[in-house]
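J.: Let me begin by handing over the structure; questions about it come next.
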Amino acid sequence: MSATAVTAKELLLVEAVNDALHVELQRDGSVMVIGEDVGRLGGVFRATAGLRDRFGPDRCVDTPLSEAGILGAAVGLCMAGWRPVVEMQYDAFSYPCLDQLITHVGRYRWRTGGAMGFPLVIRMPYGGGVRAPELHDDSPESYYVHTPGVKLAVPATPADAKGLLAAAIRDPDPVVVLEPKLVYRTARGAVPEGEHVVELGQARVAREGSDLTLVAWGAMVAVCERAADALTGEASVEVLDLRSLKPLDEEALLTSIGRTGRCVVVQEAPRTCGFASEVAALLAERAILDLQGPVLRVTGYDVPYPYWQLEDWYMPSVERVVDAARRVLAF
Amino acid sequence: MSATAVTAKELLLVEAVNDALHVELQRDGSVMVIGEDVGRLGGVFRATAGLRDRFGPDRCVDTPLSEAGILGAAVGLCMAGWRPVVEMQYDAFSYPCLDQLITHVGRYRWRTGGAMGFPLVIRMPYGGGVRAPELHDDSPESYYVHTPGVKLAVPATPADAKGLLAAAIRDPDPVVVLEPKLVYRTARGAVPEGEHVVELGQARVAREGSDLTLVAWGAMVAVCERAADALTGEASVEVLDLRSLKPLDEEALLTSIGRTGRCVVVQEAPRTCGFASEVAALLAERAILDLQGPVLRVTGYDVPYPYWQLEDWYMPSVERVVDAARRVLAF
Amino acid sequence: MVEQGLSRVIGVEGEPDRRVDGLDDEALLAIHRSLVLLRTYDERSVVYHSQGRIGTYAIFRGHEAIQTGVVHALEQRDWIFPSYRDSAIGLLRGLPAATILQWWRGHPSGWWNPEDVKVASICVPIASQVPHAAGLAWGLRLNGTDAAAAVLFGDGATSEGAFHEGANLAAVVKAPLVLVCNNNQWAISTPLEAQTAAATLADKAVGYGMPALRVDGHDVLAVYEAVREGVARARSGDGPTFVEAVTYRSSPHATADDPSLYIDPERVAADKERDCVPVFEGYLRRLGLLDAERATAVREESLAAMRAGIETAEAEPPGDPELVFSHAYADPPATLARDLEDLLRVHGR
Amino acid sequence: MVEQGLSRVIGVEGEPDRRVDGLDDEALLAIHRSLVLLRTYDERSVVYHSQGRIGTYAIFRGHEAIQTGVVHALEQRDWIFPSYRDSAIGLLRGLPAATILQWWRGHPSGWWNPEDVKVASICVPIASQVPHAAGLAWGLRLNGTDAAAAVLFGDGATSEGAFHEGANLAAVVKAPLVLVCNNNQWAISTPLEAQTAAATLADKAVGYGMPALRVDGHDVLAVYEAVREGVARARSGDGPTFVEAVTYRSSPHATADDPSLYIDPERVAADKERDCVPVFEGYLRRLGLLDAERATAVREESLAAMRAGIETAEAEPPGDPELVFSHAYADPPATLARDLEDLLRVHGR
Ligand SMILES: Cc1ncc(C[n+]2csc(CCOP(=O)(O)OP(=O)(O)O)c2C)c(N)n1
Ligand SMILES: Cc1ncc(C[n+]2csc(CCOP(=O)(O)OP(=O)(O)O)c2C)c(N)n1
Ligand SMILES: [Mg+2]
Ligand SMILES: [Mg+2]
């Protein structure tokens, strides 16, 4: 897929997001970026830096402070032939747009019998661990992925941050992209220059192993890799980075569990009805004979995300992942 | 718990809701009902009929058409010592209030270090099968139950509709009550008169069985009972009515599966991250040795709820439940 | 208060009628055909519902003048965003009655391609179409066309955040949009005074820096004139206009509703005196443009369209289960095909 | 436009000062202490942040006059709903600086009981506290008290649906509420003209049928006067009032922000000329109520409070993991205790 990509450069994850936007706005004149502070400031995380100067104030627009209005307007912009990329400034500040998402973004194509497409993207920094005040730390994937008619991707690496966002922008359906702000400026890696697309629905084996599979997405992939390190000598641990939750690469998931027979799913979000539950349910449904032990979930808790001095107690830690892995291995 | 309840009368489910409101508003002068058309009209389903005349326009209030404003005002009313019971007119029209629910209703008590309570109730008719236009058919429990700080109950019978709503109104925490509108006027049963409380977190064995457990809530309980009938002779089927999804009666669930070893979970909502996934994940985590077959989910599909002439193809049918049960039994 | 200071073209209480410049006799008769077509659609739908031939139906009797005035003030290239109550407005853009009837029959063919007729889908959640209209109109401006859009909504809708955010954004981006508020003074059972403390709904426009016009919603030409003014402003790049068309909901909210629980029957009776169809027919008669013969002909034409519509609708076979899964995605997750297969297997299809 | 027609008490460009009746010398000096306390809190917080002693911090320099004017126009029994930027307003109701510093330090003791001081929790999501204030004020009225409430929010907040729905509902239920909009003309990097097309933010009140007042937000007494008028209206049962206090965000949005990317430095410099603290101190001097000695004393008093505050905060032990689970529910699901036990086991606690 990453057709014309030849050389690569080292980028931070947030720089890769910015790179993808520059490439895609250049490639397709109908792509535009809208959101709060995306223009003059270039986004509070600088993800949209340079776009307004390069493509003009009509293609990178500072909107009024109204998330529902912004997403609703994006629906209308699609009807006029545009492909809006909507930035929600933070995870928890996207909640006002859920009504438009559920009642319209996910249904409008269906409502027109497939006659009209709504190729919009909602991208936002998400997740905890950043020592921020309340409501700057949520992992809202469940609300989005439970909603029919939308797709959802979560990159864990700079290359995927660029490739998945590009795929989302080119996708004919609405796609939500959750960017792990915890590693915005710590995840650094080689990113193909120019056009780079990572197809939705293809999981990535971040590390191969044969005894147990750690399933994760976004910032939790790195936590799982550290847990795998910690288990070196004890067990051969595979780390599966889902990359896209809808469409989900069930194939990769079932293949991995088919090999290892043991699974721990790790997510930041609260446990009840989180996507970790979906993964576990899928295995209980389709891999029951492969399972040599329980499917354990290491997740955020069913409580409000805590004050940041306590957040390390809330976020899935390497210790908690290792402990769960050992319990499954010892089962 | 249903302390003073002596005699019982036959009521429709929606009448039982109305009865609960009359009893609780009478019992506690700080309980008030607010929402769209709850006063003069008594609600589009008549669930609040008679309250405005009996308790006055200050305790049963027709609000402006603004779901987020209504729920936000309910938060403030709690701070002033009131116990607001908020009606959302329909499932899908509750989505505008999700932002207030997630950012405030579920967090405000925590935010005050437990100093202030928010004993509010959000009740709404939910679910499909009623031959209605778009967006009158949703089953939104996942959005609500994934949200920390709130509880959620779903009655399947008139007696539970009264008892669970009374428990919700008396509960010190915010509780969402989803009322299965499909059976509002078809579910009829004996309802204790006067005060009647059904504690949250206690599942109900709707039917005893030893070979397989059908797990459901709300309108799907009756579907499961019909499926159990259809399986008479083939298998002894237990039907477990969860009644409250948060707190969840894990005890009852694990006990039942411990006995039957087989489980099918039935829900109307779309599958991905639905509560059926949570139930299956729980079993994969805590009952893996009891399971003699896969945990199958019979659910709504991951598509917009269809036009009503097609809705019977979308709603879990007795046939689909029976088929899933047979597949598990034959496993 | 609400009824004060409304602009009118058709005289009441002895006031003289006016002619609207640019509207020749042909145009007036075209407006008449539209009014009668909508009225007929609405009347027949209520009958069809009572016969169990369509489902619950939201009655728009008395609001045809607003719908007609809006459509006639626009060009074919201009977009329309209807509220749920304006379900049949597409008829005036050439949509077959059968399509709209199928929507109310819950049949999967009850959709149309908004692009074909520049009429957005029926919007069920109150006010949520306002941001769509703002975005579409904004997009039209960015496309460099001089096309415009109109969005219809009710008095209750003005209380929703979606209305507020859409209207504010439209004004900021100078979207070529006319916001048409049908102030029928009721939101189901909630009266205007329980909806807002504002003196008029046009007052809402002040907070968006948007000009506003208030017209008698029973007067199709007054609505036409106001919307045309808004469209002109939109085309010249001056942004949105708010039009408050004051009517009264003289019919039940929908076929399922019992207004006797809340509404004042005398006020309803009074409003029926100002029924927009006879009001406009009187105007045409005074101009010598309408006689009994033509009135019957137009009425017959509409009835024929409805007969054809319901026949076509009822003749259509029920939709296939496939349609539950089609159209949700252009590029669906693989699970959908598996679910369909499973569904067909179970039901022996 | 925005700066025109603002009411003032303290003269600018040679205009004479006024006395506000009901405000004796003692009251004026109390206002001064409040202004300086807030200014000191803000200045010290910026320093503490640069020293890594608190986290990201939202600076409110230049907005102390609004916060102070509001609090002094209210009685102790009246409620205050602060925006995130008014984080320290509770100081004026006797909250210890340590508590607010702990909030910014992300320490679990950074909360207070709103009931004790009638100050709601810091509200992080923009505008979402407006419906809370409307509901609380409504509840106070239902309780038969004559207590009132004030809610503070910014210019950007007026674009949110939550502001709209809360303000509209407040007016409909005649909630005893004063809505105080700090129009500092910026929402992070978004200038007022990209936020709304309205001529003034006070214009928003028209659509809610609410009276509005526009004041110079640099003038603590002008804010005081306006809010007091709103409170009087609230107590007499006439419902809410909207107060637009015009200022300018002359400091960065927060410690993490770099305004050089978007703001006009000359305009910032000009605003600093009207800094609310020296402006009010000049007024007091002209009245012979303030000399260098008293100014230093007040300043010292505030600095002492801050020194004590940060010491107390830093002396507190880190919070226990138990606190992750406490307080979410009054009657928590059993799973929470199991999760805590598991967490402690894994981390060998
Ligand atoms: C968001 C939302 N909330 C509630 C409803 C239920 N509902 C349908 S019509 C209606 C009243 C609408 O009143 P108004 O906006 O005045 O339009 P009218 O019905 O008078 O045409 C309500 C509350 C809805 N459709 N959408
Ligand atoms: C719902 C929501 N969206 C976005 C944000 C991020 N944010 C924090 S402050 C701010 C600007 C607020 O502007 P204004 O209301 O004028 O208040 P000011 O910052 O000027 O005091 C934004 C967009 C938020 N906190 N809440
Ligand atoms: Mg209306
Ligand atoms: Mg501001």
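Residue numbers start at 1 in each chain; chains themselves are named A, B, ... in the order of the structure tokens; ligands are numbered from 1 in the order shown.
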Could the residues that lie within 6 Å of ligand 3, counting only C-alpha atoms and all ligand atoms, be listed as a list in words?

T.: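 Sorted by chain and then by number, the residues are Gly154, Asp155, Gly156, Asn183, Asn184, Gln185, Trp186 and Ala187 of chain C.
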
J.: Neighbouring residues of Val206 (chain C) were defined as those with any atom within 7 Å, considering only C-alpha atoms; residues of the same chain fewer than 6 positions away were excluded. Please report them as a PDB file with N, CA and C atoms, in the first residue's frame.

T.:
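After the write, out_37.pdb holds the following:
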ATOM      1  N   ALA D 198     -21.818  38.203  16.387  1.00  0.00           N
ATOM      2  CA  ALA D 198     -22.627  39.152  17.158  1.00  0.00           C
ATOM      3  C   ALA D 198     -21.825  40.414  17.438  1.00  0.00           C
ATOM      4  N   ASP D 203     -25.528  40.803  23.413  1.00  0.00           N
ATOM      5  CA  ASP D 203     -26.617  40.548  22.458  1.00  0.00           C
ATOM      6  C   ASP D 203     -27.181  39.134  22.600  1.00  0.00           C
ATOM      7  N   LYS D 204     -26.359  38.223  23.103  1.00  0.00           N
ATOM      8  CA  LYS D 204     -26.843  36.837  23.251  1.00  0.00           C
ATOM      9  C   LYS D 204     -28.036  36.797  24.203  1.00  0.00           C
ATOM     10  N   VAL D 206     -30.527  38.717  24.508  1.00  0.00           N
ATOM     11  CA  VAL D 206     -31.817  39.082  23.899  1.00  0.00           C
ATOM     12  C   VAL D 206     -32.618  37.825  23.551  1.00  0.00           C
ATOM     13  N   GLY D 207     -31.915  36.838  23.005  1.00  0.00           N
ATOM     14  CA  GLY D 207     -32.576  35.612  22.589  1.00  0.00           C
ATOM     15  C   GLY D 207     -33.104  34.770  23.731  1.00  0.00           C
TER      16      GLY D 207
END

J.: Neighbouring residues of ligand 1 are defined here as those with any atom at most 9 Å from a ligand atom, counting only C-alpha atoms and all ligand atoms; list them as a VMD selection string.

T.: (chain A and resid 99) or (chain B and resid 36 to 37 64 to 67 88 to 90 92 to 96 135 to 136) or (chain C and resid 58 to 60 63 83 to 86 123 to 128 153 to 160 162 181 to 192 195 248 to 249 253 to 254)

J.: Among region 220-333 of chain D, which ones does DSSP place in alpha helix (DSSP H), written as a short mmCIF file (atom, residue, chain, number, x, y, z; two decimals) with N, CA, C and O atoms, in the first residue's frame?

T.:
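Saved the output as states_33.cif:
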data_model
loop_
_atom_site.label_atom_id
_atom_site.label_comp_id
_atom_site.auth_asym_id
_atom_site.auth_seq_id
_atom_site.Cartn_x
_atom_site.Cartn_y
_atom_site.Cartn_z
N VAL D 220 -13.20 46.91 38.73
CA VAL D 220 -13.84 46.00 39.68
C VAL D 220 -15.17 46.56 40.19
O VAL D 220 -16.12 45.80 40.43
N LEU D 221 -15.26 47.88 40.30
CA LEU D 221 -16.49 48.46 40.83
C LEU D 221 -17.62 48.44 39.81
O LEU D 221 -18.79 48.29 40.16
N ALA D 222 -17.25 48.55 38.55
CA ALA D 222 -18.27 48.46 37.49
C ALA D 222 -18.84 47.04 37.46
O ALA D 222 -20.05 46.84 37.33
N VAL D 223 -17.97 46.05 37.62
CA VAL D 223 -18.43 44.66 37.67
C VAL D 223 -19.32 44.48 38.90
O VAL D 223 -20.42 43.95 38.81
N TYR D 224 -18.85 44.99 40.02
CA TYR D 224 -19.61 44.88 41.28
C TYR D 224 -21.01 45.45 41.11
O TYR D 224 -22.01 44.79 41.41
N GLU D 225 -21.09 46.64 40.55
CA GLU D 225 -22.37 47.32 40.38
C GLU D 225 -23.33 46.51 39.51
O GLU D 225 -24.50 46.32 39.85
N ALA D 226 -22.81 46.01 38.42
CA ALA D 226 -23.66 45.26 37.48
C ALA D 226 -24.15 43.97 38.11
O ALA D 226 -25.33 43.63 38.03
N VAL D 227 -23.24 43.25 38.72
CA VAL D 227 -23.63 41.97 39.32
C VAL D 227 -24.62 42.22 40.46
O VAL D 227 -25.61 41.49 40.61
N ARG D 228 -24.38 43.26 41.23
CA ARG D 228 -25.30 43.57 42.33
C ARG D 228 -26.70 43.82 41.79
O ARG D 228 -27.69 43.37 42.35
N GLU D 229 -26.78 44.51 40.66
CA GLU D 229 -28.09 44.77 40.05
C GLU D 229 -28.74 43.45 39.64
O GLU D 229 -29.93 43.22 39.87
N GLY D 230 -27.93 42.55 39.08
CA GLY D 230 -28.45 41.24 38.69
C GLY D 230 -28.93 40.44 39.89
O GLY D 230 -29.97 39.78 39.84
N VAL D 231 -28.16 40.50 40.96
CA VAL D 231 -28.52 39.76 42.16
C VAL D 231 -29.83 40.30 42.74
O VAL D 231 -30.71 39.53 43.14
N ALA D 232 -29.98 41.61 42.73
CA ALA D 232 -31.22 42.21 43.23
C ALA D 232 -32.41 41.70 42.42
O ALA D 232 -33.43 41.29 42.97
N ARG D 233 -32.24 41.66 41.10
CA ARG D 233 -33.31 41.16 40.24
C ARG D 233 -33.60 39.70 40.56
O ARG D 233 -34.75 39.27 40.67
N ALA D 234 -32.53 38.95 40.75
CA ALA D 234 -32.68 37.52 41.06
C ALA D 234 -33.47 37.34 42.35
O ALA D 234 -34.45 36.59 42.39
N ARG D 235 -33.10 38.07 43.39
CA ARG D 235 -33.77 37.91 44.69
C ARG D 235 -35.24 38.29 44.61
O ARG D 235 -36.08 37.71 45.27
N PRO D 265 1.09 41.85 20.02
CA PRO D 265 1.82 42.32 21.22
C PRO D 265 1.48 43.76 21.60
O PRO D 265 1.40 44.09 22.78
N GLU D 266 1.19 44.60 20.60
CA GLU D 266 0.87 46.00 20.93
C GLU D 266 -0.44 46.08 21.70
O GLU D 266 -0.58 46.82 22.67
N ARG D 267 -1.39 45.27 21.25
CA ARG D 267 -2.69 45.28 21.93
C ARG D 267 -2.53 44.78 23.37
O ARG D 267 -3.15 45.31 24.30
N VAL D 268 -1.65 43.81 23.54
CA VAL D 268 -1.38 43.28 24.87
C VAL D 268 -0.77 44.37 25.75
O VAL D 268 -1.22 44.61 26.87
N ALA D 269 0.20 45.06 25.18
CA ALA D 269 0.85 46.14 25.92
C ALA D 269 -0.18 47.19 26.33
O ALA D 269 -0.24 47.62 27.49
N ALA D 270 -1.05 47.56 25.38
CA ALA D 270 -2.08 48.56 25.66
C ALA D 270 -2.95 48.10 26.82
O ALA D 270 -3.29 48.89 27.71
N ASP D 271 -3.29 46.82 26.82
CA ASP D 271 -4.18 46.33 27.87
C ASP D 271 -3.51 46.41 29.24
O ASP D 271 -4.16 46.69 30.24
N LYS D 272 -2.21 46.14 29.25
CA LYS D 272 -1.51 46.16 30.54
C LYS D 272 -1.60 47.55 31.19
O LYS D 272 -1.59 47.70 32.40
N CYS D 276 -6.19 45.81 36.08
CA CYS D 276 -7.25 46.10 37.05
C CYS D 276 -6.75 46.40 38.46
O CYS D 276 -7.40 47.13 39.21
N VAL D 277 -5.59 45.89 38.83
CA VAL D 277 -5.11 46.12 40.20
C VAL D 277 -4.61 47.55 40.37
O VAL D 277 -5.15 48.30 41.19
N PRO D 278 -3.62 48.00 39.59
CA PRO D 278 -3.23 49.41 39.69
C PRO D 278 -4.39 50.38 39.43
O PRO D 278 -4.49 51.42 40.09
N VAL D 279 -5.28 50.02 38.51
CA VAL D 279 -6.42 50.90 38.23
C VAL D 279 -7.21 51.14 39.53
O VAL D 279 -7.54 52.27 39.89
N PHE D 280 -7.49 50.05 40.24
CA PHE D 280 -8.28 50.21 41.48
C PHE D 280 -7.44 50.88 42.57
O PHE D 280 -7.95 51.70 43.35
N GLU D 281 -6.15 50.58 42.60
CA GLU D 281 -5.31 51.22 43.63
C GLU D 281 -5.24 52.72 43.40
O GLU D 281 -5.24 53.51 44.34
N GLY D 282 -5.22 53.13 42.14
CA GLY D 282 -5.24 54.56 41.84
C GLY D 282 -6.51 55.20 42.39
O GLY D 282 -6.49 56.27 43.00
N TYR D 283 -7.62 54.51 42.18
CA TYR D 283 -8.92 54.99 42.68
C TYR D 283 -8.88 55.17 44.19
O TYR D 283 -9.26 56.21 44.73
N LEU D 284 -8.33 54.15 44.87
CA LEU D 284 -8.25 54.23 46.34
C LEU D 284 -7.34 55.38 46.77
O LEU D 284 -7.64 56.11 47.71
N ARG D 285 -6.24 55.54 46.03
CA ARG D 285 -5.31 56.63 46.39
C ARG D 285 -6.01 57.97 46.25
O ARG D 285 -5.96 58.82 47.12
N ARG D 286 -6.71 58.12 45.14
CA ARG D 286 -7.41 59.41 44.93
C ARG D 286 -8.43 59.67 46.04
O ARG D 286 -8.71 60.79 46.40
N ALA D 292 1.37 53.75 50.34
CA ALA D 292 2.38 52.72 50.05
C ALA D 292 2.43 51.68 51.16
O ALA D 292 2.51 50.48 50.92
N GLU D 293 2.30 52.16 52.39
CA GLU D 293 2.43 51.28 53.54
C GLU D 293 1.33 50.21 53.53
O GLU D 293 1.60 49.02 53.58
N ARG D 294 0.08 50.67 53.38
CA ARG D 294 -1.03 49.72 53.37
C ARG D 294 -0.89 48.77 52.18
O ARG D 294 -1.08 47.55 52.30
N ALA D 295 -0.51 49.33 51.02
CA ALA D 295 -0.36 48.50 49.81
C ALA D 295 0.61 47.36 50.10
O ALA D 295 0.34 46.21 49.80
N THR D 296 1.73 47.70 50.72
CA THR D 296 2.74 46.68 51.03
C THR D 296 2.18 45.68 52.03
O THR D 296 2.37 44.46 51.88
N ALA D 297 1.46 46.18 53.02
CA ALA D 297 0.90 45.29 54.05
C ALA D 297 -0.03 44.26 53.42
O ALA D 297 0.08 43.05 53.66
N VAL D 298 -0.93 44.73 52.57
CA VAL D 298 -1.89 43.83 51.91
C VAL D 298 -1.17 42.81 51.07
O VAL D 298 -1.44 41.60 51.11
N ARG D 299 -0.20 43.30 50.35
CA ARG D 299 0.60 42.44 49.48
C ARG D 299 1.31 41.37 50.33
O ARG D 299 1.27 40.18 50.00
N GLU D 300 1.88 41.79 51.44
CA GLU D 300 2.61 40.88 52.33
C GLU D 300 1.69 39.80 52.88
O GLU D 300 2.02 38.61 52.91
N GLU D 301 0.51 40.25 53.29
CA GLU D 301 -0.51 39.34 53.82
C GLU D 301 -0.80 38.24 52.81
O GLU D 301 -0.81 37.05 53.13
N SER D 302 -0.97 38.63 51.55
CA SER D 302 -1.28 37.66 50.49
C SER D 302 -0.10 36.73 50.25
O SER D 302 -0.26 35.51 50.12
N LEU D 303 1.09 37.31 50.22
CA LEU D 303 2.29 36.49 50.00
C LEU D 303 2.44 35.47 51.12
O LEU D 303 2.73 34.30 50.88
N ALA D 304 2.13 35.89 52.33
CA ALA D 304 2.21 34.97 53.48
C ALA D 304 1.23 33.82 53.29
O ALA D 304 1.57 32.65 53.49
N ALA D 305 0.03 34.16 52.84
CA ALA D 305 -0.99 33.13 52.61
C ALA D 305 -0.50 32.12 51.56
O ALA D 305 -0.69 30.91 51.69
N MET D 306 0.17 32.64 50.54
CA MET D 306 0.66 31.74 49.48
C MET D 306 1.82 30.89 49.98
O MET D 306 1.88 29.69 49.70
N ARG D 307 2.70 31.51 50.74
CA ARG D 307 3.83 30.74 51.28
C ARG D 307 3.30 29.61 52.14
O ARG D 307 3.66 28.44 51.99
N ALA D 308 2.35 29.95 53.01
CA ALA D 308 1.75 28.92 53.87
C ALA D 308 1.08 27.86 53.01
O ALA D 308 1.20 26.65 53.25
N GLY D 309 0.38 28.32 51.95
CA GLY D 309 -0.36 27.39 51.09
C GLY D 309 0.54 26.38 50.43
O GLY D 309 0.30 25.17 50.50
N ILE D 310 1.59 26.85 49.81
CA ILE D 310 2.45 25.92 49.07
C ILE D 310 3.19 25.00 50.04
O ILE D 310 3.37 23.82 49.77
N GLU D 311 3.54 25.55 51.21
CA GLU D 311 4.21 24.69 52.21
C GLU D 311 3.29 23.56 52.65
O GLU D 311 3.65 22.39 52.62
N THR D 312 2.06 23.93 53.01
CA THR D 312 1.09 22.91 53.42
C THR D 312 0.92 21.88 52.32
O THR D 312 0.94 20.67 52.56
N ALA D 313 0.76 22.37 51.10
CA ALA D 313 0.53 21.46 49.97
C ALA D 313 1.70 20.51 49.82
O ALA D 313 1.53 19.28 49.74
N GLU D 314 2.89 21.07 49.81
CA GLU D 314 4.07 20.22 49.56
C GLU D 314 4.36 19.29 50.74
O GLU D 314 4.99 18.26 50.58
N ALA D 315 3.86 19.67 51.90
CA ALA D 315 4.10 18.83 53.09
C ALA D 315 3.18 17.61 53.11
O ALA D 315 3.48 16.61 53.77
N GLU D 322 -5.91 3.77 47.42
CA GLU D 322 -7.33 3.62 47.77
C GLU D 322 -8.16 4.74 47.15
O GLU D 322 -9.31 4.56 46.75
N LEU D 323 -7.55 5.94 47.10
CA LEU D 323 -8.30 7.11 46.66
C LEU D 323 -8.71 7.04 45.20
O LEU D 323 -9.58 7.78 44.74
N VAL D 324 -8.07 6.14 44.44
CA VAL D 324 -8.50 5.96 43.05
C VAL D 324 -9.95 5.45 43.03
O VAL D 324 -10.72 5.77 42.14
N PHE D 325 -10.30 4.68 44.07
CA PHE D 325 -11.60 4.01 44.08
C PHE D 325 -12.63 4.69 44.97
O PHE D 325 -13.82 4.48 44.83
#

J.: At a cut-off of 10 Å, which residues of chain D touch chain C? Count only C-alpha atoms and give the answer as a PyMOL selection string.

T.: chain D and resi 158-174+193-210

J.: Pick out the residues sitting within 9 Å of Tyr314 (chain A), and hand them over as a list in words; count only C-alpha atoms, and ignore anything fewer than 2 positions along from it in its own chain.

T.: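 Contacts, with the query itself left out: Glu268, Thr299, Gly300, Tyr301, Tyr305, Pro306, Leu310, Glu311, Asp312, Pro316 and Ser317 of chain A; Pro321, Val324 and Leu343 of chain D.
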
J.: At most 8 Å is the cut-off: for each residue in chain B with any atom that close to an atom of chain A, write down the nearest atom pair and the distance in Å rounded to one decimal, counting only C-alpha atoms, chain first then increasing number, as a tab-separated table.

T.:
residue	atom	partner	partner_atom	distance
B:Ala92	CA	A:Thr103	CA	7.4
B:Tyr95	CA	A:Asp99	CA	4.8
B:Pro96	CA	A:Asp99	CA	5.0
B:Leu98	CA	A:Tyr95	CA	6.9
B:Asp99	CA	A:Tyr95	CA	4.9
B:Ile102	CA	A:Tyr95	CA	7.7
B:Thr103	CA	A:Ala92	CA	7.4
B:Gly106	CA	A:Pro304	CA	7.3
B:Arg107	CA	A:Pro304	CA	5.9
B:Trp110	CA	A:Pro304	CA	7.4
B:Leu135	CA	A:Thr103	CA	7.5
B:Ser142	CA	A:Cys273	CA	6.5
B:Tyr143	CA	A:Tyr143	CA	5.9
B:Val145	CA	A:Thr272	CA	7.0
B:His146	CA	A:Thr272	CA	5.3
B:Thr147	CA	A:Asp302	CA	7.5
B:Pro148	CA	A:Val303	CA	4.7
B:Gly149	CA	A:Val303	CA	6.1
B:Pro270	CA	A:His146	CA	7.0
B:Arg271	CA	A:His146	CA	7.6
B:Thr272	CA	A:His146	CA	5.3
B:Cys273	CA	A:Cys273	CA	5.3
B:Gly274	CA	A:Cys273	CA	6.3
B:Phe275	CA	A:Cys273	CA	6.0
B:Ser277	CA	A:Ala281	CA	5.1
B:Glu278	CA	A:Ser277	CA	5.3
B:Val279	CA	A:Ala281	CA	8.0
B:Ala280	CA	A:Ala281	CA	4.9
B:Ala281	CA	A:Ala281	CA	4.9
B:Leu282	CA	A:Ser277	CA	7.9
B:Ala284	CA	A:Val295	CA	5.5
B:Glu285	CA	A:Pro294	CA	4.8
B:Arg286	CA	A:Pro294	CA	6.9
B:Ala287	CA	A:Pro294	CA	7.8
B:Ile288	CA	A:Pro294	CA	5.6
B:Gly293	CA	A:Ile288	CA	7.0
B:Pro294	CA	A:Glu285	CA	4.8
B:Val295	CA	A:Glu285	CA	5.1
B:Leu296	CA	A:Glu285	CA	5.4
B:Arg297	CA	A:Glu285	CA	7.8
B:Asp302	CA	A:Pro148	CA	5.0
B:Val303	CA	A:Pro148	CA	4.7
B:Pro304	CA	A:Pro148	CA	5.7

J.: Which residue, D:Ala30, D:Val119, D:Leu152, D:Leu38, has the smallest gap to ligand 2 when you use only C-alpha atoms and all ligand atoms?

T.: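 Closest residue, counting only C-alpha atoms and all ligand atoms: D:Leu152.
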
J.: Grab the CA of Arg40 (chain B) to CA of Leu13 (chain B) distance for me, in Å with one decimal place.

T.: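 CA of Leu13 (chain B) lies at a distance of 21.4 Å from CA of Arg40 (chain B).
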
J.: Neighbouring residues of Thr112 (chain B) were defined as those with any atom within 7 Å, considering only C-alpha atoms; residues of the same chain fewer than 4 positions away were excluded. Please report them as a list in words.

T.: Tyr108 and Met116 of chain B; Trp111, Trp112 and Asn113 of chain D
